[in-house]
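Note sheet for the following structure.
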There are 2 protein chains.
Amino acid sequence: MSDSPRDSLRTVLDPKSVAIVGASENPNKLGGRPLLYLSRFGYKGSVYPINSKRANVQGYKAYPSLTDLPEAPEVAIVVVPGDAAVEAVEQCARLGVRVVIVMTSGFGETDAGAGKAKERHMREVARARGMRVIGPNCQGLANFGSGAILSFSTMYIEAPPQDGPVGIVSQSGAMSVVPYGLLRQRGIGVRHSHATGNDCDVTVAELASVVAEDPDLKLLLLYLEGISDTGHLAETARIARERDLPVIALKSGRTSAGQEAARSHTGALANEDRLVDTFLAKHGIWRARDTAELVGSVEMYLKGWKPKGRRLVAISNSGAVCVMAADAATAVGMPMAKIADQTRAELAKILPGFATTTNPIDITAALLTNSRLFSDILPVLAHDPAADAFLIGIPVAGQGYDVDAFARDSAEFARATGKPLVAAVPQASIAAKFREHGLPVFTTEAEAVAALNQFLSHRELMQSARERGAALARVPHPLTGGTLLNEADSLARMARAGVPVVGHRLCKSADEAAAALAELGAPVVVKGCSPEVVHKSELGLVRLGLDNEQAVRAAFRDMERTLRGQGARFDGAIVAKMASGRREMMIGARMDPVFGPVVLVGDGGKYVEAMPDVQVLLSPFNDSEVKAALARLRIAPLLTGVRGEPALDIDAFCAAVLAICRLMMNPESRVSNLDLNPVLVGAKGEGCVALDAVVYATVTSDG
Amino acid sequence: MSDSPRDSLRTVLDPKSVAIVGASENPNKLGGRPLLYLSRFGYKGSVYPINSKRANVQGYKAYPSLTDLPEAPEVAIVVVPGDAAVEAVEQCARLGVRVVIVMTSGFGETDAGAGKAKERHMREVARARGMRVIGPNCQGLANFGSGAILSFSTMYIEAPPQDGPVGIVSQSGAMSVVPYGLLRQRGIGVRHSHATGNDCDVTVAELASVVAEDPDLKLLLLYLEGISDTGHLAETARIARERDLPVIALKSGRTSAGQEAARSHTGALANEDRLVDTFLAKHGIWRARDTAELVGSVEMYLKGWKPKGRRLVAISNSGAVCVMAADAATAVGMPMAKIADQTRAELAKILPGFATTTNPIDITAALLTNSRLFSDILPVLAHDPAADAFLIGIPVAGQGYDVDAFARDSAEFARATGKPLVAAVPQASIAAKFREHGLPVFTTEAEAVAALNQFLSHRELMQSARERGAALARVPHPLTGGTLLNEADSLARMARAGVPVVGHRLCKSADEAAAALAELGAPVVVKGCSPEVVHKSELGLVRLGLDNEQAVRAAFRDMERTLRGQGARFDGAIVAKMASGRREMMIGARMDPVFGPVVLVGDGGKYVEAMPDVQVLLSPFNDSEVKAALARLRIAPLLTGVRGEPALDIDAFCAAVLAICRLMMNPESRVSNLDLNPVLVGAKGEGCVALDAVVYATVTSDG
């Protein structure tokens with residue numbers, strides 16, 4: 001009982017004893033299924049059905065209540081409805097149960113008020129006794145390594161289990177077993193298939209972090225509907241990186257319609273989708289777009305391949321497959337390997353004159369006449385250093401072809417080279433032969449290339465996360481709003497943070513404005529300053545290019561009149577230098593309640609909302625991450641100079657972005673939100689300067 | 001023999017007699033396979049193997065040569081190698097054969113010189129006698145309606161044929177049978193499976209136009225590697241539209257790597273890929289990205305559904321499937337239908353309290369407890385007018401579920417509503433039950449939604465092509481270059497074509513330039529004028545905002561000096577008004593050798609190459625097509641006005657674009673290429689004006 005909450009949680013994967021509160025004789029009821037599975041799939045511990053009406057349930061001795069048990073079970077499953085489930089959790093906590101799995105539905109997912117309150121209550125009751133709660137509204141856990149199948153899923157009847165190197169951790173019950181079923185249909189073994197439901201205590205991410213410790217796993221699949229627990233997810237990623245365990249996550253709720261559906265499914269709160277993308281990539285987790293992508297490349301992950309690059313060689317007996325493979329490879333950014341002249345010469349000796357010895361290699365229909373062609377060219381290609389990965393496309397074969405030899409020799413070739421190899425074989429009977437030899441087989445070349453690209457890209461992502469050592473910024477000061485500072489205070493705050501800002505004076509009178517003109521030198525900009533107005537241009541509160549005292553004095557008076565006319569506070573007028581530069585860019589930042597400080601970089605100017613060209617960075621990040629984000633912008637070509645224009649001072653801009661990152665990470669700064677637009681960026685060596693700043697903070701140290 | 005070439009071609013689909021030149025006893029050889037198929041699949045006509053060494057081939061009486069036959073065969077298949085194939089074609093032409101299919105390889109695809117010349121020779125020999133040639137380098141044709149299987153493909157052994165409503169016409173042999181095989185694996189019947197190879201005479205498009213006439217077809221699939229024959233492709237589309245026959249085309253060679261591979265496969269010339277997109281869409285042909293998309297939605301096309309809209313209702317026993325279905329629908333632009341309060345109230349009476357009665361509808365795991373839930377809610381939904389299409393997602397079922405009822409009631413529901421319905425069922429055994437009831441079944445909800453969206457979008461595309469009556473512009477004057485006109489001539493040409501151009505004077509002396517300033521009014525722009533310089537800015541040949549005579553005279557002299565210094569012809573200097581407007585846009589045009597006059601519209605200014613935001617239009621087109629193209633631009637939000645800015649004068653811009661369309665369509669204009677950038681567009685009612693023009697033409701009527 002003195003174990004950590006994490007130690008308690010580990011118990012659920014291999015408990016010595018399990019009680020089922022609400023055990024049923026009917027194996028097709030929620031309370032009957034776990035008993036069926038515990039008896040069927042080799043669980044070795046004690047099983048205690050709780051059922052006040054029967055002496056035996058499914059052949060196990062039954063007990064009228066938890067208190068009648070001969071020992072405190074390590075794990076209890078609760079299937080009784082409504083408040084009886086809450087009472088059972090309370091009782092479990094008192095008895096010293098280590099993990100309770102609440103399958104009962106009808107809590108936070110249907111009632112954000114009372115339902116959520118009951119969930120909090122269960123968590124508190126449990127935590128007070130060192131017990132952990134999984135669920136409620138969960139389908140349960142299944143560990144085919146230990147036989148602890150604590151789940152009511154129908155899937156394990158339909159697709160009998162086989163222990164294997166894949167783990168699945170999901171909030172959703174269906175999505176804990178759909179990948180399982182699809183993999184089992186392909187003959188792949190699965191160790192873990194867990195569903196956590198409403199995550200009132202143990203989150204899907206925390207359970208994943210424990211599952212990631214399993215030394216037998218070669219691939220971990222996650223299904224998430226809402227990310228609330230970045231800490232455990234980052235911890236999962238860290239453990240996985242250290243073990244070189246790839247993690248693929250399907251995070252649904254990408255769209256507002258999906259988020260709405262998720263809210264009524266698991267009560268998940270919506271995440272901003274591009275932050276999810278950024279977070280997962282930063283931590284080396286591949287984000288699968290859908291279920292097909294979640295499971296599509298699994299065979300490749302299990303091969304233990306250590307790819308060195310992404311140049312593809314495609315080989316087919318069909319020219320069309322060659323064309324489509326080249327199209328597909330180009331589309332995903334895999335270049336066709338340029339094979340050596342020596343290799344080509346050797347191929348030419350083997351292939352007929354109308355075949356193609358450049359890559360992709362078209363053996364042509366001559367394969368029907370000479371089945372050896374295929375197997376004869378593979379050893380030639382094995383030695384070419386330009387090839388990083390191979391695609392073998394056999395769109396048509398059968399009678400007249402030595403298909404067994406194709407499959408056997410392909411597999412032997414893959415073993416000999418140690419390089420990734422995929423096959424594209426649409427005929428089920430031919431595909432089966434390649435599969436028998438352990439090769440990843442896809443129906444079409446486009447699917448094969450997409451899967452190969454995912455595998456290679458994921459390895460690259462893991463590698464860069466490992467090198468960077470993806471750190472996690474907890475939310476330093478979770479702000480929900482903050483107060484708008486006026487522009488002068490905003491600029492001052494930015495300057496203190498280390499961001500170059502335009503030379504300016506806050507003037508309280510027309511005389512001060514005239515003096516500022518003299519001091520700064522004509523021409524100047526005059527802007528009305530108020531903490532109550534964000535969009536100055538629309539109100540005529542920005543005057544550009546004023547070059548004489550009279551115009552500056554008039555502008556000051558106009559701004560005062562306009563602001564007072566709007567009923568807004570008038571803090572004076574800013575007189576600023578007319579700065580020159582080459583491109584207006586922008587830097588934004590805000591505090592995300594889940595992901596912490598978010599920094600935005602992009603093209604600036606007045607159309608940032610209408611035509612956004614923005615990239616997102618999650619703090620903390622470094623210079624190279626900023627530069628990589630800038631390289632993804634639409635305006636990226638301008639940054640390095642086009643049509644004879646000089647390159648921009650990206651180093652200076654990056655320095656400003658990193659200054660904003662530090663500011664947002666600093667709990668003392670109390671900045672919740674800021675928008676620097678435009679940040680005028682000069683040519684290389686000329687620096688950059690923020691011309692305008694809109695900053696929200698909870699304390700206005702300047703105010 | 002007096003029939004048209006098209007009549008001759010029709011013969012090949014149902015010939016009275018077939019000779020095989022190079023017939024083989026071995027059914028696994030190219031010359032043996034057609035004999036095997038003609039005997040096996042019910043061909044009723046006469047079969048004449050040509051083999052000088054045998055009296056019989058595969059049970060058919062053999063003949064030593066074509067001249068020994070008792071009659072001129074309607075169709076001859078040629079499999080003999082090299083020049084013997086050419087000789088056989090010559091002989092066939094002399095005998096009065098109507099179509100010859102040359103399977104022999106090693107022509108234009110391996111040798112663009114001599115090989116192509118042999119292809120031209122075969123075509124000429126054939127045309128002179130009214131004979132048609134299919135191939136060379138082709139796998140042949142298979143019509144399972146007539147039993148005319150004139151093909152050496154292995155596929156018809158592996159996947160036995162069944163006549164059906166799908167036609168496949170392909171350049172590639174593999175791609176004539178891969179879709180066939182995939183459809184046959186799904187139990188779908190295929191009527192036509194044709195491969196045309198190098199298309200030396202009959203192109204894949206011409207054959208498709210004949211196949212499209214088959215009244216039994218419900219879907220036509222095309223595989224193209226190069227589009228050279230827009231006329232027959234447009235004709236295919238026209239015939240298909242009139243018959244409401246959907247056509248899906250997979251055009252490979254999307255990328256330069258793919259185009260290179262295509263060149264050595266079928267000798268196909270590269271098409272600009274975005275023109276292919278535009279051409280196919282304009283003619284109502286759906287472009288499939290890959291083989292999976294080519295065949296993915298076939299079941300839906302065969303249902304005869306007439307969809308009315310694209311609002312989706314999703315129903316599942318899994319909340320996760322609901323979330324992912326909503327995500328997938330949103331991603332493809334299918335809104336979730338908002339079901340009526342009345343419907344929701346009725347659903348609430350049936351479903352448990354923790355289920356969801358908004359769309360997507362989550363029946364929850366309660367379906368395990370009560371299998372009727374599913375079938376009970378369908379009739380309630382059938383009456384809701386907001387639903388245009390349905391997705392049923394059953395991620396997990398089996399023991400404890402009445403799966404037969406789910407499948408039966410879903411099918412009954414689809415029949416009763418007449419609305420498209422797809423099922424997403426990952427378990428093979430459960431999916432089979434839905435398939436037995438004739439429903440389109442997919443593994444995942446994302447695949448189901450993507451297929452549904454393709455079907456709906458294709459129907460919309462066909463409808464708009466039908467309304468527009470997609471016309472085809474033959475290339476009016478196939479120009480390969482033309483001469484650059486100087487800017488004054490270019491502007492004059494544009495003005496004559498009906499495009500508003502900036503007020504300007506071409507000045508031959510500094511005095512004339514000064515007079516132009518006086519006439520046009522300050523400020524003006526001065527630009528050096530030469531037919532030998534395109535990029536004026538880079539040479540300092542553009543001076544903006546000159547407002548006095550001295551500056552204008554100086555600019556004139558500078559330009560003369562600069563141009564002469566460059567060794568370029570000096571045609572004078574253009575003095576033009578400083579025009580004002582709201583947005584710089586661009587119009588471009590050029591003559592594509594295959595697709596005819598291409599017009600480009602997009603954002604203008606100096607970054608059009610670095611950051612293109614351009615849409616393509618194929619001539620002829622109308623005002624609404626221009627507006628649709630503009631609405632696809634990144635800058636589309638600016639056109640209608642953002643941040644308080646007025647909408648732009650898009651009517652004026654469209655009028656200018658249509659003027660360019662007419663110019664390019666006019667064979668007299670002799671314009672090969674033009675670039676108007678910027679075209680300054682004012683606010684609504686203010687018009688637009690071309691500030692610069694670069695025109696290439698073969699005759700300079702102004703010069």
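Ordered as shown in the structure tokens, chains take letters A, B, and onward, while each chain numbers its residues from 1 and ligands are numbered from 1 in the order shown.
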As a CSV table (one decimal) with N, CA, C and O atoms, in the first residue's frame, please: the residues near stretch 62-64 of chain A (cut-off 12 Å, only C-alpha atoms, same-chain neighbours under 5 positions excluded).
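Okay, around_30.csv is ready:
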```csv
chain,number,residue,atom,x,y,z
A,19,ALA,N,-11.8,-9.3,-8.7
A,19,ALA,CA,-13.3,-9.5,-8.3
A,19,ALA,C,-14.1,-8.8,-9.4
A,19,ALA,O,-13.7,-7.8,-10.0
A,20,ILE,N,-15.3,-9.3,-9.7
A,20,ILE,CA,-16.2,-8.7,-10.6
A,20,ILE,C,-17.5,-8.4,-9.9
A,20,ILE,O,-18.3,-9.3,-9.5
A,21,VAL,N,-17.7,-7.0,-9.7
A,21,VAL,CA,-18.9,-6.6,-9.0
A,21,VAL,C,-20.0,-6.5,-10.0
A,21,VAL,O,-20.0,-5.5,-10.8
A,22,GLY,N,-21.0,-7.4,-9.9
A,22,GLY,CA,-22.0,-7.4,-10.9
A,22,GLY,C,-21.8,-8.6,-11.9
A,22,GLY,O,-22.2,-8.5,-13.0
A,23,ALA,N,-21.1,-9.6,-11.4
A,23,ALA,CA,-20.8,-10.8,-12.3
A,23,ALA,C,-22.1,-11.4,-12.8
A,23,ALA,O,-23.1,-11.6,-12.0
A,24,SER,N,-22.0,-11.8,-14.0
A,24,SER,CA,-23.2,-12.4,-14.7
A,24,SER,C,-22.9,-13.8,-15.2
A,24,SER,O,-21.8,-14.1,-15.7
A,25,GLU,N,-23.9,-14.7,-15.1
A,25,GLU,CA,-23.8,-16.0,-15.7
A,25,GLU,C,-23.8,-16.0,-17.2
A,25,GLU,O,-23.2,-16.9,-17.9
A,35,LEU,N,-15.5,-12.8,-17.0
A,35,LEU,CA,-15.4,-14.2,-16.5
A,35,LEU,C,-15.1,-15.2,-17.6
A,35,LEU,O,-14.2,-16.1,-17.4
A,46,SER,N,-6.6,-15.5,-8.9
A,46,SER,CA,-7.9,-15.8,-8.3
A,46,SER,C,-9.0,-14.9,-8.9
A,46,SER,O,-8.8,-13.8,-9.1
A,47,VAL,N,-10.2,-15.6,-9.1
A,47,VAL,CA,-11.3,-14.8,-9.7
A,47,VAL,C,-12.5,-14.9,-8.7
A,47,VAL,O,-12.9,-16.0,-8.3
A,48,TYR,N,-13.0,-13.7,-8.4
A,48,TYR,CA,-14.1,-13.6,-7.4
A,48,TYR,C,-15.3,-12.9,-8.0
A,48,TYR,O,-15.4,-11.7,-8.0
A,49,PRO,N,-16.3,-13.7,-8.5
A,49,PRO,CA,-17.5,-13.0,-8.9
A,49,PRO,C,-18.3,-12.6,-7.7
A,49,PRO,O,-18.4,-13.3,-6.7
A,50,ILE,N,-18.8,-11.4,-7.8
A,50,ILE,CA,-19.7,-10.9,-6.7
A,50,ILE,C,-21.1,-10.9,-7.3
A,50,ILE,O,-21.4,-10.2,-8.2
A,51,ASN,N,-21.9,-11.7,-6.7
A,51,ASN,CA,-23.3,-11.9,-7.1
A,51,ASN,C,-24.1,-12.4,-5.9
A,51,ASN,O,-23.8,-13.5,-5.5
A,52,SER,N,-25.0,-11.6,-5.4
A,52,SER,CA,-25.7,-12.0,-4.2
A,52,SER,C,-26.7,-13.1,-4.4
A,52,SER,O,-27.2,-13.7,-3.4
A,53,LYS,N,-27.0,-13.4,-5.7
A,53,LYS,CA,-28.1,-14.4,-5.9
A,53,LYS,C,-27.6,-15.8,-6.3
A,53,LYS,O,-28.5,-16.7,-6.4
A,54,ARG,N,-26.3,-16.0,-6.5
A,54,ARG,CA,-25.9,-17.3,-7.0
A,54,ARG,C,-24.7,-17.7,-6.2
A,54,ARG,O,-23.9,-16.9,-5.7
A,55,ALA,N,-24.6,-19.1,-6.1
A,55,ALA,CA,-23.5,-19.6,-5.4
A,55,ALA,C,-22.3,-19.7,-6.3
A,55,ALA,O,-21.1,-19.7,-5.9
A,56,ASN,N,-22.6,-19.9,-7.6
A,56,ASN,CA,-21.5,-20.1,-8.6
A,56,ASN,C,-21.9,-19.2,-9.8
A,56,ASN,O,-23.1,-19.1,-10.1
A,57,VAL,N,-20.9,-18.6,-10.4
A,57,VAL,CA,-21.1,-17.9,-11.7
A,57,VAL,C,-20.1,-18.4,-12.7
A,57,VAL,O,-18.9,-18.3,-12.4
A,69,LEU,N,-15.3,-11.5,0.6
A,69,LEU,CA,-14.2,-12.2,0.0
A,69,LEU,C,-13.1,-12.7,1.0
A,69,LEU,O,-12.9,-12.0,2.0
A,70,PRO,N,-12.4,-13.7,0.7
A,70,PRO,CA,-11.3,-14.2,1.5
A,70,PRO,C,-10.1,-13.3,1.6
A,70,PRO,O,-9.3,-13.4,2.5
A,71,GLU,N,-10.0,-12.4,0.6
A,71,GLU,CA,-8.9,-11.5,0.6
A,71,GLU,C,-9.3,-10.2,-0.1
A,71,GLU,O,-10.3,-10.2,-0.9
```
- Using atom CA of B:Gly393 and atom CA of A:Tyr180 as the two end points, give the distance in Å to one decimal.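 It comes out at 16.8 Å.
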- Message: Could you list, as a list in words, every residue within 10 Å of B:Asp214, counting only C-alpha atoms and ignoring same-chain residues fewer than 3 positions away?
- Response: Pro165, Gly167, Arg191, His192, Ser209, Val210, Val211, Leu217, Lys218, Ala240 and Arg243 of chain B
- Task: Find the residues near B:Ala431: any atom within 10 Å, counting only C-alpha atoms, skip ones fewer than 4 places away on the same chain, and give them as a PyMOL selection string.
- Result: chain B and resi 394-395+403+407+423-427+435-436+439-443
- Message: Can you pull out the residues contacting A:Glu90? Cut-off 7 Å, using only C-alpha atoms, and skip same-chain residues under 4 positions away; I want them as a count of residues only.
- Response: 3
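Residue neighbourhood of B:Ile660, excluding near-sequence residues (fewer than 4 positions): B:Met494, B:Ala497, B:Gly498, B:Val499, B:Ile587, B:Gly588, B:Ala589, B:Val599, B:Ala655, B:Ala656, B:Met664, B:Met665, at 9 Å, using only C-alpha atoms.
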Please dump the current selection as a PDB file, in the first residue's frame; keep N, CA, C and O atoms.
```pdb
ATOM      1  N   MET B 494      -3.451  44.004 -76.844  1.00  0.00           N
ATOM      2  CA  MET B 494      -4.405  43.718 -75.762  1.00  0.00           C
ATOM      3  C   MET B 494      -5.609  44.660 -75.833  1.00  0.00           C
ATOM      4  O   MET B 494      -6.746  44.242 -75.656  1.00  0.00           O
ATOM      5  N   ALA B 497      -7.894  43.590 -78.371  1.00  0.00           N
ATOM      6  CA  ALA B 497      -8.615  42.376 -77.976  1.00  0.00           C
ATOM      7  C   ALA B 497      -9.734  42.678 -76.976  1.00  0.00           C
ATOM      8  O   ALA B 497     -10.538  41.814 -76.662  1.00  0.00           O
ATOM      9  N   GLY B 498      -9.746  43.911 -76.456  1.00  0.00           N
ATOM     10  CA  GLY B 498     -10.817  44.286 -75.537  1.00  0.00           C
ATOM     11  C   GLY B 498     -10.397  44.315 -74.084  1.00  0.00           C
ATOM     12  O   GLY B 498     -11.248  44.365 -73.194  1.00  0.00           O
ATOM     13  N   VAL B 499      -9.092  44.287 -73.830  1.00  0.00           N
ATOM     14  CA  VAL B 499      -8.603  44.358 -72.452  1.00  0.00           C
ATOM     15  C   VAL B 499      -8.258  45.814 -72.146  1.00  0.00           C
ATOM     16  O   VAL B 499      -7.507  46.439 -72.909  1.00  0.00           O
ATOM     17  N   ILE B 587      -3.134  37.971 -65.560  1.00  0.00           N
ATOM     18  CA  ILE B 587      -3.763  37.090 -66.544  1.00  0.00           C
ATOM     19  C   ILE B 587      -2.642  36.589 -67.454  1.00  0.00           C
ATOM     20  O   ILE B 587      -1.827  37.387 -67.927  1.00  0.00           O
ATOM     21  N   GLY B 588      -2.604  35.285 -67.662  1.00  0.00           N
ATOM     22  CA  GLY B 588      -1.619  34.733 -68.587  1.00  0.00           C
ATOM     23  C   GLY B 588      -2.331  33.834 -69.577  1.00  0.00           C
ATOM     24  O   GLY B 588      -3.471  33.422 -69.354  1.00  0.00           O
ATOM     25  N   ALA B 589      -1.672  33.544 -70.680  1.00  0.00           N
ATOM     26  CA  ALA B 589      -2.270  32.602 -71.635  1.00  0.00           C
ATOM     27  C   ALA B 589      -1.164  31.981 -72.460  1.00  0.00           C
ATOM     28  O   ALA B 589      -0.100  32.589 -72.661  1.00  0.00           O
ATOM     29  N   VAL B 599      -5.640  29.533 -70.257  1.00  0.00           N
ATOM     30  CA  VAL B 599      -5.616  30.874 -69.666  1.00  0.00           C
ATOM     31  C   VAL B 599      -5.390  30.729 -68.165  1.00  0.00           C
ATOM     32  O   VAL B 599      -5.981  29.865 -67.517  1.00  0.00           O
ATOM     33  N   ALA B 655     -14.319  40.049 -67.470  1.00  0.00           N
ATOM     34  CA  ALA B 655     -14.488  40.478 -68.860  1.00  0.00           C
ATOM     35  C   ALA B 655     -13.139  40.484 -69.569  1.00  0.00           C
ATOM     36  O   ALA B 655     -13.030  40.063 -70.732  1.00  0.00           O
ATOM     37  N   ALA B 656     -12.110  40.928 -68.880  1.00  0.00           N
ATOM     38  CA  ALA B 656     -10.769  40.942 -69.481  1.00  0.00           C
ATOM     39  C   ALA B 656     -10.288  39.507 -69.742  1.00  0.00           C
ATOM     40  O   ALA B 656      -9.692  39.212 -70.786  1.00  0.00           O
ATOM     41  N   MET B 664      -7.306  34.035 -77.771  1.00  0.00           N
ATOM     42  CA  MET B 664      -6.529  32.795 -77.918  1.00  0.00           C
ATOM     43  C   MET B 664      -7.259  31.771 -78.791  1.00  0.00           C
ATOM     44  O   MET B 664      -6.628  30.928 -79.431  1.00  0.00           O
ATOM     45  N   MET B 665      -8.578  31.821 -78.789  1.00  0.00           N
ATOM     46  CA  MET B 665      -9.367  30.886 -79.597  1.00  0.00           C
ATOM     47  C   MET B 665      -9.395  31.302 -81.070  1.00  0.00           C
ATOM     48  O   MET B 665      -9.781  30.512 -81.924  1.00  0.00           O
TER      49      MET B 665
END
```
